[in-house]
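Okay, upload-v4.cif is below, mmCIF, C-alpha atoms and all ligand atoms:
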```cif
data_my_file
loop_
_atom_site.label_atom_id
_atom_site.label_comp_id
_atom_site.auth_asym_id
_atom_site.auth_seq_id
_atom_site.Cartn_x
_atom_site.Cartn_y
_atom_site.Cartn_z
CA MET X 246 83.43 0.41 194.94
CA LYS X 247 82.99 2.33 191.75
CA LYS X 248 79.81 3.91 193.04
CA GLU X 249 81.60 5.02 196.21
CA ILE X 250 84.32 6.72 194.23
CA VAL X 251 81.75 8.59 192.16
CA LEU X 252 79.92 9.63 195.34
CA PHE X 253 83.17 10.75 196.91
CA PHE X 254 83.97 12.96 193.95
CA MET X 255 80.47 14.38 193.86
CA PHE X 256 80.73 15.17 197.56
CA SER X 257 84.15 16.85 197.06
CA LEU X 258 82.80 18.87 194.18
CA LEU X 259 79.80 19.96 196.25
CA THR X 260 82.10 21.02 199.09
CA ILE X 261 84.22 23.07 196.70
CA ILE X 262 81.17 24.72 195.13
CA THR X 263 79.67 25.50 198.55
CA ALA X 264 82.95 26.87 199.91
CA HIS X 265 83.37 28.96 196.80
CA SER X 266 79.85 30.38 196.85
CA GLN X 267 80.12 31.06 200.58
CA ARG X 268 83.27 33.05 200.00
CA LYS X 269 81.50 34.98 197.25
CA GLU X 270 78.57 35.84 199.49
CA VAL X 271 80.61 37.97 201.88
CA PRO X 272 82.14 40.83 199.90
CA LYS X 273 85.04 42.59 201.49
CA VAL X 274 84.21 46.25 202.00
CA THR X 275 86.97 48.77 202.69
CA ILE X 276 86.34 52.47 203.17
CA LEU X 277 88.98 55.13 202.64
CA LYS X 278 87.53 57.68 205.00
CA ASN X 279 87.67 61.45 204.74
CA GLY X 280 90.40 62.17 202.22
CA PHE X 281 90.88 64.48 199.25
CA ILE X 282 89.68 62.58 196.18
CA PHE X 283 90.75 63.64 192.68
CA ASP X 284 88.18 63.51 189.88
CA ASP X 285 88.99 62.87 186.19
CA LYS X 286 90.15 66.47 185.75
CA PHE X 287 92.25 66.30 188.91
CA GLU X 288 89.94 68.62 190.82
CA LEU X 289 89.78 67.88 194.55
CA HIS X 290 86.69 66.74 196.45
CA LYS X 291 86.65 65.93 200.12
CA GLY X 292 85.01 62.59 200.81
CA SER X 293 85.21 58.85 201.38
CA LEU X 294 85.70 56.12 198.85
CA VAL X 295 84.06 52.71 199.22
CA ILE X 296 85.78 49.63 197.78
CA THR X 297 83.91 46.35 197.50
CA ASP X 298 86.32 43.52 196.71
CA ALA X 299 88.23 44.86 193.68
CA THR X 300 85.84 47.64 192.61
CA ILE X 301 85.02 51.21 193.63
CA THR X 302 81.35 51.01 194.60
CA ALA X 303 80.66 54.45 196.03
CA ILE X 304 82.19 57.87 196.56
CA LEU X 305 80.54 59.64 199.48
CA TYR X 306 80.89 63.39 199.77
CA ASP X 307 79.02 63.64 203.08
CA ASN X 308 81.10 60.98 204.90
CA ASN X 309 77.87 59.33 206.07
CA LEU X 310 79.04 55.75 206.57
CA SER X 311 76.00 54.51 208.51
CA GLU X 312 75.03 51.87 205.93
CA TYR X 313 78.52 50.33 205.97
CA VAL X 314 78.49 48.57 209.34
CA GLY X 315 81.26 45.97 209.52
CA ALA X 316 83.42 47.55 206.79
CA THR X 317 87.15 48.02 207.29
CA ILE X 318 87.75 51.74 207.75
CA ILE X 319 91.04 53.39 206.86
CA ASP X 320 91.22 56.98 208.05
CA ILE X 321 92.88 59.05 205.33
CA THR X 322 92.18 62.50 206.72
CA GLY X 323 94.50 65.01 205.04
CA LYS X 324 95.68 62.52 202.41
CA TYR X 325 95.26 62.62 198.60
CA VAL X 326 93.59 59.89 196.56
CA LEU X 327 94.65 59.41 192.91
CA PRO X 328 93.92 56.70 190.37
CA GLY X 329 96.80 54.19 190.15
CA LEU X 330 99.53 55.33 187.74
CA THR X 331 100.34 53.69 184.39
CA ASP X 332 103.75 53.36 182.71
CA THR X 333 103.00 52.88 179.02
CA HIS X 334 106.48 51.75 178.02
CA VAL X 335 108.35 49.13 180.01
CA HIS X 336 110.52 46.15 179.08
CA LEU X 337 110.24 43.55 181.81
CA ALA X 338 111.43 40.50 179.90
CA THR X 339 113.02 41.67 176.66
CA VAL X 340 116.43 40.19 177.53
CA PRO X 341 115.63 37.80 180.41
CA ASP X 342 118.55 36.69 182.58
CA PRO X 343 119.41 33.09 181.58
CA ASP X 344 119.71 32.26 185.29
CA ARG X 345 116.16 31.56 186.48
CA GLU X 346 116.72 32.68 190.05
CA LYS X 347 118.43 35.89 189.04
CA ASN X 348 115.66 36.60 186.57
CA ALA X 349 113.00 35.98 189.22
CA LYS X 350 114.74 38.39 191.59
CA TYR X 351 115.01 41.02 188.84
CA MET X 352 111.32 40.68 187.98
CA ASN X 353 110.09 40.72 191.58
CA ASP X 354 112.31 43.65 192.58
CA GLN X 355 111.24 45.89 189.75
CA LEU X 356 107.54 44.97 189.97
CA SER X 357 107.41 45.68 193.70
CA LYS X 358 109.30 48.93 193.14
CA MET X 359 106.57 49.93 190.67
CA ILE X 360 103.80 49.13 193.18
CA ASP X 361 105.60 51.18 195.85
CA ALA X 362 105.63 54.16 193.44
CA GLY X 363 101.86 53.94 192.89
CA ILE X 364 102.10 52.23 189.49
CA THR X 365 99.23 49.76 189.17
CA THR X 366 99.32 49.12 185.40
CA VAL X 367 102.16 48.73 182.91
CA ARG X 368 102.30 48.22 179.17
CA ASP X 369 105.22 46.03 178.21
CA MET X 370 106.50 46.85 174.72
CA THR X 371 108.02 43.53 173.60
CA GLY X 372 109.44 40.72 175.63
CA ASN X 373 109.22 37.00 176.21
CA ALA X 374 105.48 36.26 176.42
CA ILE X 375 105.95 33.07 178.47
CA ILE X 376 107.69 35.00 181.24
CA LEU X 377 105.30 37.96 180.95
CA ALA X 378 102.23 35.71 181.09
CA ASP X 379 103.58 34.01 184.22
CA TYR X 380 104.11 37.32 186.05
CA LYS X 381 100.85 38.75 184.73
CA ARG X 382 99.03 35.78 186.26
CA ALA X 383 100.95 35.94 189.54
CA GLY X 384 100.11 39.65 189.79
CA ASN X 385 96.45 39.11 188.94
CA LEU X 386 96.19 36.43 191.63
CA ASN X 387 97.96 38.75 194.09
CA GLN X 388 100.70 36.19 194.66
CA ILE X 389 103.30 38.95 194.25
CA PRO X 390 103.18 42.75 194.55
CA ALA X 391 102.98 43.75 190.88
CA PRO X 392 101.08 46.11 188.60
CA SER X 393 98.68 44.63 186.04
CA ILE X 394 100.84 43.69 183.07
CA PHE X 395 99.68 44.09 179.47
CA TYR X 396 102.13 43.11 176.76
CA ALA X 397 102.78 43.14 173.04
CA ALA X 398 103.97 40.91 170.23
CA GLN X 399 106.83 42.37 168.24
CA PHE X 400 106.24 42.45 164.47
CA ALA X 401 109.17 43.51 162.27
CA GLY X 402 110.81 42.83 158.93
CA PRO X 403 113.62 40.33 158.26
CA ALA X 404 116.38 42.96 158.14
CA TYR X 405 115.67 43.88 161.75
CA PHE X 406 115.55 40.32 163.07
CA ASN X 407 118.64 39.29 161.10
CA SER X 408 120.61 42.05 162.76
CA ILE X 409 119.47 41.42 166.33
CA ARG X 410 119.47 37.62 166.28
CA LYS X 411 123.07 37.19 165.21
CA HIS X 412 124.18 36.54 168.78
CA SER X 413 120.92 35.31 170.23
CA LYS X 414 120.27 31.74 171.31
CA GLU X 415 116.54 32.11 170.80
CA ASN X 416 117.05 33.02 167.19
CA LYS X 417 113.77 32.06 165.64
CA ASP X 418 110.24 33.38 165.33
CA SER X 419 107.70 32.86 168.06
CA PRO X 420 104.11 34.09 168.35
CA TRP X 421 105.40 37.16 170.24
CA GLU X 422 108.41 37.86 168.02
CA ARG X 423 107.39 37.58 164.40
CA THR X 424 109.09 38.26 161.09
CA ILE X 425 106.61 39.84 158.70
CA THR X 426 107.11 39.94 154.94
CA ASP X 427 104.81 40.40 151.95
CA THR X 428 104.11 36.66 151.96
CA THR X 429 103.28 36.34 155.69
CA ASP X 430 99.80 35.15 156.59
CA VAL X 431 99.09 38.23 158.73
CA LYS X 432 95.75 36.86 159.90
CA MET X 433 97.46 33.80 161.37
CA ALA X 434 100.38 35.82 162.80
CA VAL X 435 97.94 38.08 164.66
CA ALA X 436 95.87 35.09 165.82
CA GLU X 437 98.98 33.38 167.20
CA ALA X 438 100.06 36.57 168.96
CA LYS X 439 96.61 36.75 170.52
CA GLY X 440 97.01 33.14 171.60
CA ALA X 441 100.19 34.18 173.45
CA GLY X 442 98.07 36.53 175.56
CA VAL X 443 99.08 39.86 174.05
CA THR X 444 96.91 42.97 174.17
CA GLY X 445 98.66 44.73 171.32
CA ILE X 446 100.86 44.24 168.27
CA LYS X 447 104.06 46.29 168.49
CA ILE X 448 104.90 47.50 165.00
CA TYR X 449 108.61 47.72 165.41
CA ALA X 450 110.91 48.11 162.39
CA ASP X 451 111.62 47.34 158.76
CA LEU X 452 108.01 47.35 157.56
CA SER X 453 106.37 49.12 154.63
CA ALA X 454 103.39 51.47 154.89
CA ARG X 455 101.29 48.85 153.11
CA LEU X 456 102.20 46.09 155.58
CA ILE X 457 101.54 48.34 158.57
CA LYS X 458 98.05 49.09 157.26
CA LYS X 459 97.43 45.37 156.83
CA ILE X 460 98.63 44.56 160.38
CA VAL X 461 96.57 47.35 161.97
CA LYS X 462 93.44 46.30 160.12
CA GLU X 463 93.84 42.65 161.12
CA ALA X 464 94.72 43.49 164.73
CA LYS X 465 91.58 45.60 164.98
CA ARG X 466 89.47 42.81 163.48
CA GLN X 467 90.81 40.43 166.13
CA ARG X 468 90.25 43.05 168.85
CA LEU X 469 93.90 43.78 169.52
CA GLN X 470 95.59 47.16 169.78
CA SER X 471 98.33 48.40 167.43
CA TRP X 472 101.24 50.07 169.17
CA SER X 473 103.88 51.37 166.79
CA HIS X 474 107.25 53.00 166.84
CA ALA X 475 106.91 56.52 165.44
CA ALA X 476 109.47 55.74 162.71
CA VAL X 477 109.44 52.19 161.39
CA PHE X 478 111.79 52.47 158.38
CA PRO X 479 110.93 52.42 155.51
CA ALA X 480 107.48 53.50 156.77
CA THR X 481 107.55 57.13 157.94
CA PRO X 482 105.78 58.63 160.96
CA THR X 483 103.12 59.99 158.57
CA ASP X 484 102.62 56.46 157.17
CA VAL X 485 102.24 55.13 160.72
CA ALA X 486 99.76 57.86 161.70
CA SER X 487 97.80 57.32 158.45
CA ALA X 488 97.48 53.61 159.30
CA LYS X 489 95.48 54.65 162.43
CA VAL X 490 97.56 52.81 165.01
CA ASN X 491 96.46 53.30 168.63
CA SER X 492 99.72 54.80 169.83
CA MET X 493 103.13 55.93 168.57
CA SER X 494 106.28 55.62 170.69
CA HIS X 495 109.31 57.91 170.89
CA ALA X 496 108.66 61.57 170.15
CA PHE X 497 112.34 62.05 169.25
CA ASP X 498 111.90 59.77 166.19
CA ILE X 499 109.21 61.99 164.67
CA PRO X 500 111.68 64.31 162.83
CA TYR X 501 112.57 61.36 160.58
CA ASP X 502 109.33 62.38 158.88
CA PHE X 503 111.16 65.43 157.51
CA SER X 504 113.99 63.45 155.86
CA GLU X 505 114.79 64.33 152.27
CA GLY X 506 114.79 61.13 150.24
CA LYS X 507 115.00 57.78 151.99
CA MET X 508 114.73 57.70 155.76
CA ASP X 509 117.69 56.00 157.45
CA HIS X 510 117.91 55.15 161.16
CA HIS X 511 121.72 55.13 161.06
CA LYS X 512 121.61 58.87 160.40
CA LYS X 513 120.60 61.45 162.98
CA PRO X 514 117.04 62.66 162.38
CA PRO X 515 116.82 66.05 160.61
CA ALA X 516 115.90 69.31 162.36
CA ILE X 517 112.25 69.98 163.13
CA ASP X 518 110.21 71.47 160.31
CA ASP X 519 107.45 73.34 162.18
CA LYS X 520 104.87 73.26 159.39
CA LYS X 521 105.34 69.57 158.66
CA LEU X 522 105.36 68.79 162.38
CA ASP X 523 101.99 70.47 162.90
CA LYS X 524 100.55 68.62 159.94
CA LEU X 525 101.67 65.26 161.36
CA LEU X 526 100.54 66.05 164.90
CA LEU X 527 97.11 67.12 163.65
CA LEU X 528 96.87 63.87 161.70
CA MET X 529 97.65 62.00 164.94
CA LYS X 530 95.05 64.02 166.80
CA GLY X 531 92.43 63.39 164.10
CA ASN X 532 93.10 59.65 164.24
CA ASN X 533 93.02 59.67 168.07
CA ILE X 534 96.60 58.37 168.28
CA ILE X 535 98.31 58.66 171.64
CA LEU X 536 101.92 59.85 171.74
CA ASP X 537 104.03 57.62 174.01
CA ALA X 538 106.77 60.23 174.21
CA THR X 539 109.50 58.43 176.28
CA ASN X 540 111.38 61.67 176.95
CA TYR X 541 113.30 60.48 180.00
CA MET X 542 115.01 57.78 177.96
CA ALA X 543 115.57 60.29 175.14
CA HIS X 544 117.01 62.79 177.60
CA ASN X 545 119.44 60.17 178.93
CA ASN X 546 120.53 59.54 175.34
CA LYS X 547 120.71 63.28 174.57
CA PHE X 548 117.86 63.24 172.03
CA PHE X 549 116.47 66.59 173.07
CA ASP X 550 114.10 67.26 170.17
CA GLY X 551 111.59 64.83 171.66
CA MET X 552 110.66 67.39 174.30
CA LYS X 553 109.98 70.16 171.78
CA ILE X 554 107.76 67.75 169.84
CA THR X 555 105.90 66.65 172.98
CA LYS X 556 105.34 70.29 173.94
CA ARG X 557 103.87 71.09 170.52
CA ALA X 558 101.79 67.88 170.55
CA HIS X 559 100.27 68.91 173.87
CA GLU X 560 99.57 72.46 172.62
CA LEU X 561 97.72 71.02 169.62
CA GLY X 562 95.69 68.62 171.78
CA VAL X 563 97.40 65.31 170.96
CA LYS X 564 97.05 62.94 173.93
CA VAL X 565 100.38 62.10 175.54
CA SER X 566 100.95 59.07 177.76
CA VAL X 567 103.71 58.55 180.32
CA GLY X 568 106.02 55.81 179.13
CA THR X 569 109.59 55.48 180.35
CA ASP X 570 111.39 52.80 178.32
CA TRP X 571 113.96 52.87 181.12
CA PRO X 572 114.88 50.11 183.59
CA TYR X 573 113.47 50.68 187.07
CA LEU X 574 116.39 49.08 188.85
CA PHE X 575 118.85 51.60 187.33
CA GLU X 576 117.38 54.22 189.64
CA GLU X 577 118.10 54.82 193.33
CA VAL X 578 115.70 53.33 195.88
CA ASN X 579 113.28 56.24 196.16
CA SER X 580 113.44 57.38 192.55
CA THR X 581 111.44 56.05 189.61
CA PRO X 582 111.70 56.62 185.86
CA LEU X 583 107.94 57.31 185.79
CA PHE X 584 108.33 60.27 188.10
CA LYS X 585 111.23 61.62 185.98
CA GLU X 586 109.09 61.26 182.85
CA ILE X 587 106.27 63.22 184.53
CA LYS X 588 108.76 65.91 185.64
CA ILE X 589 110.01 66.38 182.07
CA LEU X 590 106.42 66.88 180.85
CA ILE X 591 106.01 69.67 183.40
CA ASP X 592 109.47 71.27 183.28
CA ASP X 593 110.21 71.02 179.54
CA CYS X 594 106.92 70.42 177.72
CA HIS X 595 104.67 73.02 179.40
CA PHE X 596 102.23 70.54 180.96
CA THR X 597 100.43 71.71 184.09
CA ASN X 598 100.70 69.34 187.04
CA LYS X 599 97.09 68.34 186.42
CA ASP X 600 97.73 67.62 182.72
CA ALA X 601 100.76 65.46 183.56
CA LEU X 602 98.77 63.50 186.14
CA ILE X 603 95.93 62.95 183.65
CA SER X 604 98.58 61.64 181.21
CA ALA X 605 99.90 59.24 183.86
CA THR X 606 96.44 57.88 184.72
CA LYS X 607 93.49 58.37 182.35
CA ILE X 608 95.50 58.56 179.11
CA GLY X 609 97.74 55.71 180.28
CA ALA X 610 94.71 53.43 180.64
CA GLU X 611 93.36 54.62 177.28
CA SER X 612 96.64 53.82 175.56
CA ILE X 613 96.12 50.15 176.48
CA GLY X 614 92.44 50.26 175.51
CA LEU X 615 91.33 49.84 179.14
CA GLU X 616 88.03 51.38 180.18
CA ASP X 617 87.94 49.88 183.67
CA ARG X 618 90.58 52.13 185.24
CA GLY X 619 92.49 55.42 185.00
CA VAL X 620 89.90 57.49 186.89
CA LEU X 621 88.28 57.25 190.32
CA ALA X 622 84.60 56.56 189.67
CA VAL X 623 81.92 54.09 190.69
CA GLY X 624 82.30 50.83 188.78
CA LYS X 625 86.00 51.29 188.07
CA ARG X 626 88.69 48.97 189.42
CA ALA X 627 90.03 49.89 192.83
CA ASP X 628 93.49 50.78 191.49
CA ILE X 629 94.43 53.67 193.72
CA TYR X 630 97.49 55.59 194.85
CA ILE X 631 97.33 57.64 198.06
CA THR X 632 99.88 60.32 198.90
CA ASN X 633 100.42 62.22 202.16
CA SER X 634 100.58 65.59 200.37
CA ASP X 635 99.06 67.22 197.28
CA PRO X 636 100.78 66.40 193.94
CA VAL X 637 98.74 69.05 192.08
CA GLU X 638 100.13 71.74 194.33
CA ASN X 639 103.68 70.42 194.00
CA ILE X 640 104.51 67.47 191.76
CA GLU X 641 107.33 66.42 194.11
CA ASN X 642 104.56 65.34 196.49
CA LEU X 643 103.83 62.47 194.13
CA LYS X 644 106.76 60.74 195.81
CA ASP X 645 105.25 61.21 199.27
CA SER X 646 103.43 57.88 199.21
CA PHE X 647 101.06 56.51 201.82
CA ILE X 648 99.73 53.30 200.24
CA THR X 649 99.03 51.73 196.86
CA ILE X 650 95.87 49.72 196.28
CA LYS X 651 95.60 47.36 193.34
CA ALA X 652 92.31 45.59 192.65
CA GLY X 653 91.29 46.28 196.25
CA ILE X 654 94.48 44.83 197.78
CA ILE X 655 96.46 47.25 199.94
CA TYR X 656 100.24 47.50 199.58
CA THR X 657 102.21 49.43 202.16
CA LYS X 658 105.67 50.61 201.15
CA LYS X 659 108.44 48.56 202.74
ZN ZN A 701 111.03 50.26 174.09
#
```

Can I see the file as structure tokens?
Amino acid sequence: MKKEIVLFFMFSLLTIITAHSQRKEVPKVTILKNGFIFDDKFELHKGSLVITDATITAILYDNNLSEYVGATIIDITGKYVLPGLTDTHVHLATVPDPDREKNAKYMNDQLSKMIDAGITTVRDMTGNAIILADYKRAGNLNQIPAPSIFYAAQFAGPAYFNSIRKHSKENKDSPWERTITDTTDVKMAVAEAKGAGVTGIKIYADLSARLIKKIVKEAKRQRLQSWSHAAVFPATPTDVASAKVNSMSHAFDIPYDFSEGKMDHHKKPPAIDDKKLDKLLLLMKGNNIILDATNYMAHNNKFFDGMKITKRAHELGVKVSVGTDWPYLFEEVNSTPLFKEIKILIDDCHFTNKDALISATKIGAESIGLEDRGVLAVGKRADIYITNSDPVENIENLKDSFITIKAGIIYTKK
């Protein structure tokens, strides 16, 4: 009897292994035939793009498809092929709805809205890691239409958490929401955040320059990114930039750097000091820090200085990513915060259409530390957005979507 059971299990295991390897042996090849393909500088090239499973395996400029017998061909004549877009500042699960069904609807609706808009990657800047991990997994397994989700653990001082947790039911620390003081074991805090599946530590508020340096150093050692608010109070934007974080969020907070005496977030930030601004922006550039400007959110809150700062940052060569920090379901059906953020870069910050599109793709991927996406090239993930008309010629055409492809899976807009 015992022997039979063992044999049965061995047989089952063998069947699974065989089935699995058989599935692996037949790669799925899809060809996007005869379109306009953008390179990493957003120059156009006419050609066809070959996708094998989840990866771009060839870009053919002669449209000779003779070696691809049996591939699925999608004719994209006259259409425009871009890398999938990245929103570098979203909050999917920061205040989850206590009703599970309502929360699931909220998550699914906004994630599919992102996919429809060509967004294949998002960076979530603090939220409940259990919920985020669940949706990240569901998206990775293609169980739901969703961009790839990368998320952060929120590190802040006690004054911040005391003020926000007064009315919260979940009013204690967790690996993704951590009070940091001078006595915190930062090594362990970072390790626990990593255990919760985060890609970065979000340096949020109420931390000293010394503590920020310590967090950044430890995060780097444990191969995590450091994503910081521009002004952390008491640490200034210059302190944050000196700590060599990977990115700084909210351009409109940068003028706090010019405060006389102690910086205070209850007060409006001072006017821009051009000399000091250039000094800070050049420090950011030298330390390869990406500015996650979030101008659309700032604009909605009437913080207009953010745009002037973003404009100057771009002139000086600081990399700027496209992060919205604005809920997707606040917008009408065919409108997305990401598109509005891109529009502000072009209309108010003197970005060319090409520059803004590079920010929304290549720099977006870089701001999460991802080397496998952000440009259309052999070996990169097949994260692709296809439009019916040319967004470089007119940025409004970015809304003229044909299909979104994420990891080789095709999503047609509903
Ligand atoms: Zn935010």

Residues within 8 Å of ligand ZN 701 (chain A), counting all atoms listed in the file, as a ChimeraX atom specification: /X:334-336,370-371,494,570

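Atom pair atom CA of Glu577 of chain X / atom CA of Leu386 of chain X: separated by 28.7 Å.
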
Under the rule of at most 7 Å, produce a per-residue listing of segment 350-438 of chain X near segment 642-653 of chain X: chain, number, name, the closest pair of atoms, and the distance in Å, as a tab-separated table, using all atoms listed in the file.
```
residue	atom	partner	partner_atom	distance
X:Ile360	CA	X:Thr649	CA	6.6
X:Asp361	CA	X:Thr649	CA	6.7
X:Gly363	CA	X:Thr649	CA	5.4
X:Thr365	CA	X:Lys651	CA	6.0
```

Hey, what's within 10 Å of Arg455 of chain X if we count all atoms listed in the file and toss same-chain stuff fewer than 5 positions away? As a PyMOL selection string, please? chain X and resi 427+460+480+484-485+488

Taking into account all atoms listed in the file, which residue in the set X:Gly609, X:Phe287, X:Asn545, X:Asn416 is nearest to Thr597 of chain X? X:Phe287

Would you mind reading off the distance between atom CA of Ala391 of chain X and atom CA of Gly292 of chain X, one decimal, in Å? 27.9 Å

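Take atom CA of Gly315 of chain X and atom CA of Asn633 of chain X: the distance between them is 26.2 Å.
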
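Using all atoms listed in the file, the protein and nucleic acid residues lying no more than 6 Å from Gln399 of chain X, apart from those fewer than 3 places from it along its own chain, are Thr371, Trp421, Glu422 and Lys447 of chain X.
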
Output file for the residues above (C-alpha atoms, as a compact mmCIF listing (two decimals), keeping the file's coordinate frame):
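Saved to selection-v8.txt:
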```txt
# COMPACT_ATOMS: atom_id res chain seq x y z
CA THR X 371 108.02 43.53 173.60
CA TRP X 421 105.40 37.16 170.24
CA GLU X 422 108.41 37.86 168.02
CA LYS X 447 104.06 46.29 168.49
```

Can you list, as a ChimeraX atom specification, every protein, DNA or RNA residue that comes within 12 Å of Ile608 of chain X when you count only C-alpha atoms, leaving out same-chain residues fewer than 3 positions away? /X:285-286,328-333,366,491-492,533-537,563-568,600-605,611-616,618-620

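Proximity to Ala316 of chain X was assessed for X:Leu277, X:Ala338, X:Ala401, X:Leu377 counting only C-alpha atoms; the smallest distance is recorded for X:Leu277.
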
Shortest interatomic distance to Leu522 of chain X - which of X:His474, X:His544, X:Lys553, X:Arg468, counting only C-alpha atoms: X:Lys553

Pick from X:Lys524, X:Lys588, X:Lys625, X:Lys432: nearest to Asn540 of chain X, with only C-alpha atoms counted? X:Lys588

Quick one: everything within 9 Å of Asp307 of chain X, counting only C-alpha atoms, minus sequence neighbours fewer than 3 positions away in the same chain. Send it as a list of chain:residue names. X:Lys291, X:Gly292, X:Ser293, X:Leu310

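Near Asn309 of chain X, within 12 Å and counting all atoms listed in the file, sit Ile276, Lys278, Asn279, Gly292, Ser293, Leu294, Val295, Ala303, Ile304, Leu305, Tyr306, Asp307, Ser311, Glu312, Tyr313 and Val314 of chain X; same-chain residues fewer than 2 positions away were not included.
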
Counting all atoms listed in the file, the residue among X:Glu586, X:Asn308, X:Tyr351, X:Asp298 that lies closest to Asp320 of chain X is X:Asn308

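The smallest atom-to-atom distance between Ala558 of chain X and any of X:Asp592, X:Asp430, X:Asp523, X:Asp451, using all atoms listed in the file, is found for X:Asp523.
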
Could you write segment 621-626 of chain X as a PDB file, in the coordinates of the input, with all heavy atoms rebuilt where they are missing?
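Below you can see out_16.pdb, which holds the result:
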```pdb
ATOM      1  N   LEU X 621      88.979  57.728 189.121  1.00  0.00           N
ATOM      2  CA  LEU X 621      88.280  57.250 190.320  1.00  0.00           C
ATOM      3  C   LEU X 621      86.795  57.494 190.107  1.00  0.00           C
ATOM      4  O   LEU X 621      86.342  58.633 190.102  1.00  0.00           O
ATOM      5  CB  LEU X 621      88.785  58.001 191.556  1.00  0.00           C
ATOM      6  CG  LEU X 621      90.280  57.847 191.856  1.00  0.00           C
ATOM      7  CD1 LEU X 621      90.693  58.744 193.002  1.00  0.00           C
ATOM      8  CD2 LEU X 621      90.632  56.384 192.166  1.00  0.00           C
ATOM      9  N   ALA X 622      86.051  56.432 189.878  1.00  0.00           N
ATOM     10  CA  ALA X 622      84.600  56.560 189.670  1.00  0.00           C
ATOM     11  C   ALA X 622      83.950  55.230 190.026  1.00  0.00           C
ATOM     12  O   ALA X 622      84.608  54.179 190.014  1.00  0.00           O
ATOM     13  CB  ALA X 622      84.311  56.914 188.210  1.00  0.00           C
ATOM     14  N   VAL X 623      82.659  55.298 190.334  1.00  0.00           N
ATOM     15  CA  VAL X 623      81.920  54.090 190.690  1.00  0.00           C
ATOM     16  C   VAL X 623      81.937  53.109 189.514  1.00  0.00           C
ATOM     17  O   VAL X 623      81.722  53.504 188.373  1.00  0.00           O
ATOM     18  CB  VAL X 623      80.468  54.457 191.097  1.00  0.00           C
ATOM     19  CG1 VAL X 623      79.611  53.216 191.284  1.00  0.00           C
ATOM     20  CG2 VAL X 623      80.498  55.284 192.378  1.00  0.00           C
ATOM     21  N   GLY X 624      82.238  51.856 189.805  1.00  0.00           N
ATOM     22  CA  GLY X 624      82.300  50.830 188.780  1.00  0.00           C
ATOM     23  C   GLY X 624      83.695  50.575 188.249  1.00  0.00           C
ATOM     24  O   GLY X 624      83.942  49.568 187.598  1.00  0.00           O
ATOM     25  N   LYS X 625      84.623  51.486 188.543  1.00  0.00           N
ATOM     26  CA  LYS X 625      86.000  51.290 188.070  1.00  0.00           C
ATOM     27  C   LYS X 625      86.744  50.379 189.054  1.00  0.00           C
ATOM     28  O   LYS X 625      86.369  50.233 190.217  1.00  0.00           O
ATOM     29  CB  LYS X 625      86.750  52.627 187.967  1.00  0.00           C
ATOM     30  CG  LYS X 625      86.103  53.620 187.022  1.00  0.00           C
ATOM     31  CD  LYS X 625      86.268  53.245 185.574  1.00  0.00           C
ATOM     32  CE  LYS X 625      85.567  54.284 184.682  1.00  0.00           C
ATOM     33  NZ  LYS X 625      85.510  53.880 183.282  1.00  0.00           N
ATOM     34  N   ARG X 626      87.831  49.793 188.561  1.00  0.00           N
ATOM     35  CA  ARG X 626      88.690  48.970 189.420  1.00  0.00           C
ATOM     36  C   ARG X 626      89.246  49.827 190.570  1.00  0.00           C
ATOM     37  O   ARG X 626      89.573  51.000 190.374  1.00  0.00           O
ATOM     38  CB  ARG X 626      89.898  48.506 188.602  1.00  0.00           C
ATOM     39  CG  ARG X 626      89.805  47.124 188.066  1.00  0.00           C
ATOM     40  CD  ARG X 626      90.960  46.922 187.117  1.00  0.00           C
ATOM     41  NE  ARG X 626      92.225  46.776 187.837  1.00  0.00           N
ATOM     42  CZ  ARG X 626      92.788  45.613 188.114  1.00  0.00           C
ATOM     43  NH1 ARG X 626      92.211  44.486 187.730  1.00  0.00           N
ATOM     44  NH2 ARG X 626      93.928  45.548 188.747  1.00  0.00           N
TER      45      ARG X 626
END
```
